[in-house]
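J.: Sharing start-v6.cif here; it has mmCIF, C-alpha atoms.
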```
data_model
#
loop_
_atom_site.label_atom_id
_atom_site.label_comp_id
_atom_site.auth_asym_id
_atom_site.auth_seq_id
_atom_site.Cartn_x
_atom_site.Cartn_y
_atom_site.Cartn_z
CA MET H 1 35.81 8.67 -5.75
CA ALA H 2 34.02 11.55 -7.40
CA LYS H 3 32.27 14.25 -5.43
CA GLU H 4 28.83 15.46 -6.36
CA ASN H 5 26.76 18.53 -5.53
CA ILE H 6 23.32 17.74 -4.20
CA ILE H 7 20.33 19.64 -2.86
CA VAL H 8 18.63 18.04 0.13
CA LYS H 9 15.29 19.23 1.47
CA ILE H 10 14.37 17.90 4.89
CA LEU H 11 11.05 18.27 6.69
CA ARG H 12 12.05 19.77 10.03
CA TYR H 13 9.94 20.05 13.16
CA ASN H 14 10.93 21.05 16.66
CA PRO H 15 8.03 20.56 19.10
CA GLU H 16 9.39 23.28 21.42
CA LYS H 17 9.53 25.98 18.75
CA ASP H 18 7.46 25.10 15.68
CA LYS H 19 3.72 24.84 15.27
CA LYS H 20 4.03 23.02 11.95
CA PRO H 21 6.75 21.06 10.15
CA PHE H 22 8.62 23.07 7.52
CA TRP H 23 11.07 22.35 4.70
CA LYS H 24 14.72 23.24 5.16
CA ARG H 25 17.17 23.20 2.28
CA TYR H 26 20.80 22.06 2.49
CA ASP H 27 23.31 22.34 -0.34
CA LEU H 28 26.27 20.02 0.06
CA LYS H 29 28.98 18.06 -1.67
CA VAL H 30 29.10 14.30 -1.08
CA ASP H 31 30.78 11.20 -2.48
CA ASP H 32 28.77 9.83 -5.40
CA ASP H 33 28.34 6.44 -3.74
CA SER H 34 26.78 7.91 -0.57
CA THR H 35 23.72 6.38 0.99
CA ILE H 36 20.90 8.53 2.34
CA LEU H 37 22.22 7.90 5.85
CA ASP H 38 25.72 9.12 4.83
CA ILE H 39 24.12 12.35 3.64
CA LEU H 40 22.17 12.78 6.89
CA ASN H 41 25.35 12.11 8.87
CA GLU H 42 27.22 14.68 6.79
CA ILE H 43 24.52 17.28 7.53
CA HIS H 44 24.33 16.37 11.21
CA TRP H 45 28.10 16.30 11.78
CA ASN H 46 29.27 19.19 9.62
CA ILE H 47 26.39 21.49 8.69
CA ASP H 48 23.48 21.47 11.14
CA GLY H 49 23.86 19.63 14.45
CA THR H 50 20.22 20.19 15.40
CA LEU H 51 18.91 17.66 12.86
CA ALA H 52 17.32 14.69 14.66
CA TYR H 53 17.02 11.24 13.09
CA ARG H 54 17.22 7.63 14.23
CA ARG H 55 20.10 5.43 13.21
CA SER H 56 22.10 2.64 14.69
CA CYS H 57 23.57 -0.31 12.82
CA ARG H 58 23.98 1.27 9.33
CA SER H 59 23.78 -2.25 7.84
CA SER H 60 19.99 -2.63 7.40
CA ILE H 61 19.30 -4.92 10.32
CA CYS H 62 18.28 -2.69 13.24
CA GLY H 63 15.37 -1.05 11.43
CA SER H 64 15.88 2.40 12.95
CA CYS H 65 16.37 4.62 9.94
CA ALA H 66 13.21 4.05 7.88
CA MET H 67 12.05 7.34 6.33
CA LYS H 68 10.35 8.73 3.27
CA VAL H 69 12.75 9.81 0.54
CA ASN H 70 11.48 11.30 -2.74
CA GLY H 71 8.02 9.91 -2.05
CA GLN H 72 8.96 6.35 -1.09
CA ASN H 73 9.58 4.71 2.26
CA VAL H 74 13.14 3.39 2.36
CA LEU H 75 15.78 2.39 4.85
CA ALA H 76 18.24 5.30 4.78
CA CYS H 77 21.33 3.16 5.41
CA LYS H 78 20.51 0.70 2.64
CA THR H 79 19.49 3.16 -0.06
CA PRO H 80 22.18 4.71 -2.28
CA MET H 81 21.32 8.25 -3.35
CA HIS H 82 21.57 7.10 -6.98
CA LYS H 83 18.44 5.06 -6.54
CA PHE H 84 16.80 8.42 -7.28
CA LYS H 85 17.38 10.30 -10.52
CA GLY H 86 18.77 13.83 -10.42
CA ASN H 87 20.60 15.52 -7.57
CA LYS H 88 17.61 16.54 -5.46
CA LEU H 89 16.47 14.65 -2.39
CA LYS H 90 13.33 15.27 -0.35
CA ILE H 91 13.53 13.57 3.02
CA GLU H 92 10.50 13.32 5.30
CA PRO H 93 9.60 11.30 8.40
CA LEU H 94 7.49 8.16 7.85
CA PRO H 95 3.94 9.11 6.79
CA GLY H 96 1.02 8.03 8.96
CA PHE H 97 2.99 8.29 12.21
CA SER H 98 3.10 11.38 14.41
CA ILE H 99 6.35 13.37 14.39
CA LEU H 100 8.32 13.64 17.64
CA LYS H 101 11.14 15.73 16.18
CA ASP H 102 12.44 16.17 12.62
CA LEU H 103 12.71 12.64 11.15
CA VAL H 104 11.94 10.88 14.44
CA VAL H 105 8.40 9.50 14.53
CA ASP H 106 6.25 8.06 17.30
CA MET H 107 6.38 4.27 16.90
CA ASP H 108 4.41 3.43 20.09
CA GLY H 109 1.23 2.53 18.22
CA PHE H 110 3.21 0.38 15.80
CA PHE H 111 4.76 -1.71 18.56
CA GLU H 112 1.50 -1.82 20.54
CA LYS H 113 -0.16 -3.44 17.50
CA MET H 114 2.76 -5.83 17.21
CA GLU H 115 2.16 -6.91 20.82
CA ARG H 116 -1.57 -7.25 20.24
CA ILE H 117 -1.11 -10.25 17.93
CA LYS H 118 1.03 -12.03 20.60
CA PRO H 119 4.37 -12.36 18.82
CA TYR H 120 5.65 -15.38 20.76
CA LEU H 121 5.08 -19.14 20.72
CA ILE H 122 1.90 -20.17 22.52
CA LEU H 123 2.12 -23.79 23.65
CA ASP H 124 -0.45 -26.36 24.80
CA LYS H 125 2.00 -29.24 24.73
CA PRO H 126 4.87 -29.62 27.20
CA ILE H 127 8.20 -28.15 26.14
CA PRO H 128 10.34 -30.98 24.71
CA ASP H 129 13.58 -31.97 26.46
CA LYS H 130 15.86 -31.07 23.58
CA GLU H 131 14.31 -28.99 20.80
CA PHE H 132 11.16 -28.58 18.75
CA ILE H 133 11.31 -30.66 15.59
CA GLN H 134 10.42 -28.74 12.48
CA LYS H 135 10.92 -30.05 8.94
CA PRO H 136 12.82 -27.82 6.50
CA ASP H 137 9.77 -27.34 4.25
CA GLU H 138 7.63 -26.43 7.25
CA PHE H 139 10.18 -23.80 8.18
CA GLU H 140 10.40 -22.63 4.58
CA SER H 141 6.83 -21.28 4.69
CA ILE H 142 7.72 -18.85 7.50
CA ARG H 143 11.41 -18.30 6.76
CA GLU H 144 11.05 -15.07 4.79
CA SER H 145 8.36 -13.58 7.04
CA ALA H 146 10.63 -14.11 10.05
CA THR H 147 13.28 -11.79 8.55
CA CYS H 148 11.18 -8.68 9.31
CA ILE H 149 13.29 -6.03 11.09
CA LEU H 150 10.32 -3.98 12.44
CA CYS H 151 11.40 -0.78 10.69
CA GLY H 152 7.79 0.29 10.05
CA ALA H 153 8.31 1.23 6.38
CA CYS H 154 5.46 -1.06 5.25
CA THR H 155 2.87 -0.05 7.84
CA SER H 156 3.65 3.62 7.26
CA ALA H 157 3.25 3.23 3.47
CA CYS H 158 -0.20 1.64 3.75
CA PRO H 159 -3.12 3.87 2.63
CA SER H 160 -5.48 1.77 4.77
CA LEU H 161 -3.47 2.88 7.82
CA TRP H 162 -3.55 6.53 6.72
CA ALA H 163 -7.34 6.28 6.66
CA ASN H 164 -7.67 4.35 9.92
CA GLU H 165 -4.96 4.54 12.57
CA ASP H 166 -6.42 1.52 14.39
CA TYR H 167 -5.73 -0.82 11.46
CA LEU H 168 -3.21 -3.46 12.52
CA GLY H 169 -1.07 -2.78 9.47
CA PRO H 170 1.11 -5.03 7.31
CA ALA H 171 3.96 -5.47 9.83
CA ALA H 172 1.75 -6.76 12.66
CA LEU H 173 -0.26 -8.93 10.25
CA LEU H 174 2.96 -10.36 8.81
CA LYS H 175 4.02 -11.21 12.35
CA ALA H 176 0.64 -12.89 12.85
CA TYR H 177 1.27 -14.90 9.66
CA ARG H 178 4.70 -15.89 10.94
CA PHE H 179 3.17 -17.48 14.07
CA ILE H 180 -0.11 -18.78 12.62
CA PHE H 181 1.81 -20.72 9.95
CA ASP H 182 4.45 -21.90 12.42
CA THR H 183 3.90 -25.66 12.90
CA ARG H 184 5.20 -25.53 16.49
CA ASP H 185 2.63 -22.99 17.62
CA ASP H 186 -0.70 -23.81 19.31
CA GLY H 187 -2.16 -20.30 19.52
CA LYS H 188 -3.63 -20.23 16.01
CA ASP H 189 -7.32 -19.81 16.93
CA GLU H 190 -6.52 -17.08 19.41
CA ARG H 191 -4.48 -15.15 16.87
CA ILE H 192 -6.93 -15.69 14.02
CA ASP H 193 -9.61 -14.09 16.22
CA ILE H 194 -7.42 -11.02 16.68
CA VAL H 195 -6.64 -10.83 12.97
CA ASN H 196 -10.27 -11.43 11.91
CA ASP H 197 -11.36 -8.12 13.45
CA LYS H 198 -12.87 -5.01 11.91
CA ASN H 199 -9.44 -3.40 12.10
CA GLY H 200 -7.66 -6.58 11.07
CA ILE H 201 -6.75 -8.39 7.89
CA TRP H 202 -9.84 -7.33 5.91
CA ARG H 203 -8.63 -3.74 5.68
CA CYS H 204 -5.87 -4.97 3.38
CA HIS H 205 -6.94 -3.92 -0.12
CA THR H 206 -3.88 -5.37 -1.92
CA ILE H 207 -2.43 -1.95 -2.78
CA PHE H 208 1.12 -3.39 -2.62
CA ASN H 209 2.67 -0.24 -1.09
CA CYS H 210 3.98 -2.42 1.76
CA MET H 211 5.70 -4.84 -0.58
CA GLU H 212 7.29 -1.98 -2.55
CA ALA H 213 8.49 -0.33 0.66
CA CYS H 214 9.92 -3.39 2.44
CA PRO H 215 13.73 -3.01 2.66
CA LYS H 216 14.09 -6.77 3.22
CA ASP H 217 12.06 -7.53 0.07
CA ILE H 218 9.55 -9.65 1.98
CA LYS H 219 6.55 -10.60 -0.19
CA ILE H 220 4.18 -9.16 2.43
CA THR H 221 1.01 -9.07 0.34
CA GLU H 222 1.43 -12.71 -0.64
CA TYR H 223 1.59 -13.74 3.02
CA LEU H 224 -1.35 -11.51 3.95
CA SER H 225 -3.34 -13.17 1.15
CA ARG H 226 -2.49 -16.61 2.55
CA LEU H 227 -3.58 -15.31 5.95
CA LYS H 228 -6.91 -14.18 4.47
CA ALA H 229 -7.47 -17.66 3.03
CA LYS H 230 -6.54 -19.22 6.39
CA VAL H 231 -8.98 -16.98 8.29
CA LEU H 232 -11.76 -17.89 5.83
CA GLU H 233 -10.89 -21.60 6.09
CA ASN H 234 -11.03 -21.35 9.86
CA SER H 235 -14.45 -19.70 9.93
CA ILE H 236 -16.14 -22.29 7.69
CA MET C 1 4.40 15.73 19.09
CA TYR C 2 2.90 16.66 15.74
CA LYS C 3 -0.19 14.48 15.14
CA ARG C 4 -0.50 13.19 11.59
CA THR C 5 -3.23 10.60 11.81
CA LYS C 6 -6.09 10.41 9.30
CA ILE C 7 -4.04 12.27 6.70
CA PHE C 8 -3.77 10.75 3.24
CA ASP C 9 -0.24 11.13 1.96
CA LEU C 10 -1.09 12.23 -1.58
CA ASN C 11 2.57 12.79 -2.50
CA TYR C 12 3.50 9.18 -1.82
CA TYR C 13 4.94 7.53 -4.91
CA LYS C 14 2.26 5.64 -6.83
CA PHE C 15 3.32 2.18 -7.95
CA VAL C 16 1.31 -0.07 -10.28
CA GLY C 17 -0.61 -1.50 -7.32
CA SER C 18 -1.50 1.99 -6.06
CA TRP C 19 -2.87 3.04 -9.45
CA ALA C 20 -4.85 -0.18 -9.76
CA TRP C 21 -6.38 0.48 -6.33
CA ILE C 22 -7.15 4.19 -6.96
CA LEU C 23 -8.70 3.52 -10.38
CA HIS C 24 -10.66 0.55 -8.99
CA ARG C 25 -12.20 2.80 -6.31
CA LEU C 26 -13.01 5.58 -8.81
CA ALA C 27 -14.50 3.06 -11.25
CA GLY C 28 -16.60 1.66 -8.41
CA LEU C 29 -17.96 5.13 -7.59
CA ALA C 30 -18.71 5.74 -11.28
CA LEU C 31 -20.62 2.45 -11.43
CA ILE C 32 -22.69 3.39 -8.36
CA PHE C 33 -23.57 6.64 -10.12
CA TYR C 34 -24.47 4.75 -13.30
CA ILE C 35 -26.65 2.18 -11.50
CA THR C 36 -28.58 4.97 -9.77
CA LEU C 37 -29.16 6.61 -13.14
CA HIS C 38 -30.14 3.28 -14.65
CA ILE C 39 -32.70 2.59 -11.94
CA TRP C 40 -34.14 6.07 -12.46
CA VAL C 41 -34.47 5.45 -16.22
CA ILE C 42 -36.13 2.07 -15.70
CA ASN C 43 -38.39 3.69 -13.11
CA THR C 44 -39.95 5.83 -15.87
CA LEU C 45 -41.61 2.61 -17.09
CA THR C 46 -44.06 2.99 -14.22
CA LYS C 47 -45.10 6.37 -15.62
CA GLY C 48 -46.45 5.01 -18.89
CA SER C 49 -44.98 4.22 -22.28
CA ASP C 50 -44.90 7.83 -23.48
CA THR C 51 -42.62 8.99 -20.69
CA PHE C 52 -40.37 5.97 -21.14
CA ASN C 53 -40.14 6.45 -24.90
CA SER C 54 -39.28 10.12 -24.60
CA VAL C 55 -36.52 9.29 -22.10
CA MET C 56 -35.23 6.56 -24.43
CA ASP C 57 -35.20 9.01 -27.36
CA PHE C 58 -33.19 11.41 -25.23
CA LEU C 59 -30.71 8.66 -24.33
CA ASN C 60 -30.29 7.69 -27.98
CA SER C 61 -28.41 10.90 -28.76
CA PRO C 62 -24.73 10.62 -29.82
CA LEU C 63 -23.61 12.20 -26.53
CA PHE C 64 -25.02 9.29 -24.55
CA LYS C 65 -23.50 6.79 -26.98
CA PHE C 66 -20.09 8.28 -26.21
CA LEU C 67 -20.85 8.13 -22.48
CA GLU C 68 -21.80 4.49 -22.97
CA VAL C 69 -18.40 3.82 -24.53
CA GLY C 70 -16.87 5.37 -21.40
CA LEU C 71 -19.12 3.26 -19.19
CA TRP C 72 -18.03 0.14 -21.07
CA GLY C 73 -14.39 1.05 -20.31
CA VAL C 74 -15.14 1.61 -16.62
CA ILE C 75 -16.97 -1.73 -16.38
CA LEU C 76 -14.12 -3.57 -18.11
CA PHE C 77 -11.49 -2.04 -15.81
CA HIS C 78 -13.49 -2.75 -12.66
CA ALA C 79 -14.28 -6.32 -13.74
CA PHE C 80 -10.77 -7.26 -14.83
CA ASN C 81 -9.10 -5.65 -11.82
CA GLY C 82 -11.62 -7.46 -9.64
CA ILE C 83 -10.51 -10.76 -11.18
CA ARG C 84 -6.90 -9.67 -10.59
CA ILE C 85 -7.63 -9.10 -6.89
CA ILE C 86 -9.28 -12.53 -6.63
CA ILE C 87 -6.19 -14.09 -8.26
CA ILE C 88 -3.94 -12.21 -5.81
CA ASP C 89 -5.96 -13.21 -2.76
CA PHE C 90 -6.79 -16.81 -3.56
CA LEU C 91 -4.46 -18.06 -6.29
CA GLU C 92 -1.06 -16.87 -5.02
CA GLY C 93 -0.89 -14.09 -7.59
CA ALA C 94 0.75 -11.48 -5.36
CA VAL C 95 4.27 -11.93 -6.71
CA SER C 96 3.21 -11.51 -10.35
CA HIS C 97 0.53 -8.88 -9.70
CA LYS C 98 2.11 -6.33 -12.06
CA LYS C 99 2.27 -8.80 -14.93
CA ILE C 100 -1.36 -9.79 -14.33
CA PHE C 101 -2.31 -6.10 -14.30
CA TYR C 102 -0.63 -5.37 -17.64
CA ILE C 103 -2.07 -8.49 -19.31
CA PHE C 104 -5.58 -7.66 -18.10
CA ILE C 105 -5.24 -4.01 -19.16
CA ILE C 106 -4.35 -5.15 -22.70
CA ILE C 107 -7.29 -7.59 -22.83
CA ALA C 108 -9.65 -4.95 -21.40
CA PHE C 109 -8.39 -2.37 -23.91
CA LEU C 110 -9.00 -4.71 -26.87
CA LEU C 111 -12.51 -5.51 -25.62
CA TRP C 112 -13.10 -1.78 -25.09
CA VAL C 113 -12.15 -0.98 -28.70
CA ILE C 114 -14.31 -3.80 -30.10
CA GLY C 115 -17.31 -2.96 -27.91
CA GLY C 116 -16.84 0.78 -28.41
CA TYR C 117 -16.87 0.31 -32.18
CA ARG C 118 -20.07 -1.75 -31.91
CA ILE C 119 -21.77 0.93 -29.80
CA LEU C 120 -20.71 3.85 -31.98
CA SER C 121 -21.65 2.08 -35.21
CA HIS C 122 -25.27 2.10 -33.99
CA ILE C 123 -25.41 5.89 -33.72
CA ASN C 124 -28.15 7.41 -35.77
CA TRP C 125 -26.30 10.63 -36.72
CA ILE C 126 -29.27 12.23 -38.52
CA GLN C 127 -32.20 12.83 -36.23
#
```
Could you write out this structure as structure tokens?

T.:
Amino acid sequence: MAKENIIVKILRYNPEKDKKPFWKRYDLKVDDDSTILDILNEIHWNIDGTLAYRRSCRSSICGSCAMKVNGQNVLACKTPMHKFKGNKLKIEPLPGFSILKDLVVDMDGFFEKMERIKPYLILDKPIPDKEFIQKPDEFESIRESATCILCGACTSACPSLWANEDYLGPAALLKAYRFIFDTRDDGKDERIDIVNDKNGIWRCHTIFNCMEACPKDIKITEYLSRLKAKVLENSI
Amino acid sequence: MYKRTKIFDLNYYKFVGSWAWILHRLAGLALIFYITLHIWVINTLTKGSDTFNSVMDFLNSPLFKFLEVGLWGVILFHAFNGIRIIIIDFLEGAVSHKKIFYIFIIIAFLLWVIGGYRILSHINWIQ
């Protein structure tokens, strides 16, 4: 395994000391197949222990380590450093969210929006004795949208959210899609009302930043478009 | 906590979709400006034929012909990207949005060259 010299610039911010975030440069030698998270670990463990960042599963399923690297939102554990050309990396916290410390951002608003669209089955009918029957093709329409790991990379990449912090954002709207198109669910009208709001689905201007950012390659914009059609259909 | 709301991240990487959106907005603003100008020009009709004719003579200069070629480009981009957005939103075009963008840009460019040639060939260079 070859070693490689890289230059990493990280946007640091300590709320107890700093008024503003600032760039700090680290020069280090890493294995050439390192991921962004490996590099952060290397800095945190061996160079600068004060660096704060979120990480947990390091196998792209917990959704903790979303951050902006060289201008794009990525999942640090999933992204090899060779995704980016050259040996320079610029690592920042997710845009659009407030910074708590270094790469750790405030996700409260993100999860509050997720709760607002009621991300659970709403039932009018009695719960069946054994299980809900759902045909494979009915499940297929929500299969991909259900793989969202709530990392926030999409919502943070959305220019509509940068302009208006109250916008629900792609992640919450995708969750709304997942339940509105679920054949077992009875809460469609309720959820469509929440989505059909001035800060809801109509602030999606099909910029596709969410789809480019999604580490699980979910076709977010396609589902949001289907949701738009559904909302229109419902209001006729 | 360092608040970062209402800040546009201008350094964020711009993908095809981002450029399409930015240019669509700018083209829209340019068209608003043009329509205002257009209404003002037509408004001179109410001030008699002499005023209108003098304005029309002014607008017949080569400079305005070149601006018209630019306007034709802006209209084509805004129109074709608008169709692209309709395809994305209502005809399941989200997955192939980049392909649609490139195809429409080529069509718009060809129409721009043809129309631009037609406009410029009507310039009366000697006045």

J.: Under the rule that all atoms listed in the file are counted, which of C:Leu71, C:Ile106, C:Ile119, C:Met56 is the nearest residue to C:Ile35?

T.: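 The shortest atom-to-atom distance to C:Ile35 comes from C:Leu71.
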
J.: Once the PyMOL selection byres ((chain C) within 10 of (chain H)) has been applied to the shown file, what residues remain in the selection, as a PyMOL selection string?

T.: chain C and resi 1-22+85-98

J.: Near stretch 174-187 of chain H, counting all atoms listed in the file, which residues have an atom at most 9 Å away, once you skip same-chain residues fewer than 2 positions from it, shown as a VMD selection string?

T.: chain H and resid 114 117 to 125 132 to 134 138 to 139 141 to 146 148 169 to 172 189 to 192 195 220 to 221 223 to 224 226 to 227 230

J.: For H:Asp31, please output as a list in words all residues within 7 Å (counting all atoms listed in the file; exclusion window: fewer than 2 positions along the same chain).

T.: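 Everything that qualifies: Met1, Ala2, Lys3, Glu4, Asp33 and Ser34 of chain H.
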
J.: Can you pull out the residues contacting C:Val55? Cut-off 12 Å, using only C-alpha atoms, and skip same-chain residues under 6 positions away; I want them as number ranges by chain.

T.: C: 37-38, 40-45, 47-49, 61, 64

J.: Would you compute, for all listed atoms of stretch 116-123 of chain H, the axis-aligned bounding box grown by 3 Å on each side, and then report its centre and edge lengths in Å rounded to one decimal, as lines of an AutoDock Vina configuration file?

T.:
```
center_x = 2.0
center_y = -15.5
center_z = 20.8
size_x = 13.2
size_y = 22.5
size_z = 11.7
```

J.: Please, what distance in Å, to one decimal, runs between atom CA of H:Lys29 and atom CA of H:Tyr53?

T.: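 We find that atom CA of H:Lys29 and atom CA of H:Tyr53 lie 20.2 Å from each other.
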
J.: At a cut-off of 6 Å, using all atoms listed in the file, what residues contact stretch 36-45 of chain H? Leave out same-chain residues fewer than 2 positions from it and give the result as a PyMOL selection string.

T.: chain H and resi 34+47-49+51+76-77+81

J.: Can you work out which one of C:Gly115, C:Ser121, C:Phe77, C:Gly82 has the shortest atom-to-atom distance to C:Leu23, counting all atoms listed in the file?

T.: C:Phe77

J.: For the atom pair atom CA of H:Leu103 and atom CA of H:Ala52, what is the interatomic distance in Å to one decimal place?

T.: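 Separation of atom CA of H:Leu103 and atom CA of H:Ala52: 6.1 Å.
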
J.: Using all atoms listed in the file, which of H:Lys24, H:Lys9, H:Lys17, H:Lys78 sits nearest H:Cys214?

T.: H:Lys78

J.: Could you tell me which of H:Ser64, H:Ala213, H:Ile218, H:Pro93 comes closest to H:Ile10 if we count all atoms listed in the file?

T.: H:Pro93

J.: Got a sec to check which residues sit within 9 Å of (13.1, 18.5, -5.4), counting all atoms listed in the file, and write them as a list of chain:residue names?

T.: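 Final list of nearby residues, as requested, is H:Ile7, H:Val8, H:Lys9, H:Asn70, H:Gly86, H:Asn87, H:Lys88, H:Leu89, H:Lys90.
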
J.: Determine, counting only C-alpha atoms, every residue of protein, DNA or RNA that lies within 9 Å of (-15.8, 0.1, -22.0) in the file coordinates, then give the result as a short mmCIF file (atom, residue, chain, number, x, y, z; two decimals) with C-alpha atoms, keeping the file's coordinate frame.

T.:
```cif
data_model
loop_
_atom_site.label_atom_id
_atom_site.label_comp_id
_atom_site.auth_asym_id
_atom_site.auth_seq_id
_atom_site.Cartn_x
_atom_site.Cartn_y
_atom_site.Cartn_z
CA GLU C 68 -21.80 4.49 -22.97
CA VAL C 69 -18.40 3.82 -24.53
CA GLY C 70 -16.87 5.37 -21.40
CA LEU C 71 -19.12 3.26 -19.19
CA TRP C 72 -18.03 0.14 -21.07
CA GLY C 73 -14.39 1.05 -20.31
CA VAL C 74 -15.14 1.61 -16.62
CA ILE C 75 -16.97 -1.73 -16.38
CA LEU C 76 -14.12 -3.57 -18.11
CA PHE C 77 -11.49 -2.04 -15.81
CA ALA C 108 -9.65 -4.95 -21.40
CA PHE C 109 -8.39 -2.37 -23.91
CA LEU C 111 -12.51 -5.51 -25.62
CA TRP C 112 -13.10 -1.78 -25.09
CA VAL C 113 -12.15 -0.98 -28.70
CA GLY C 115 -17.31 -2.96 -27.91
CA GLY C 116 -16.84 0.78 -28.41
#
```

J.: Tell me, in Å to one decimal, how far atom CA of H:Pro215 is from atom CA of H:Leu75.

T.: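 Between atom CA of H:Pro215 and atom CA of H:Leu75 the gap works out to 6.2 Å.
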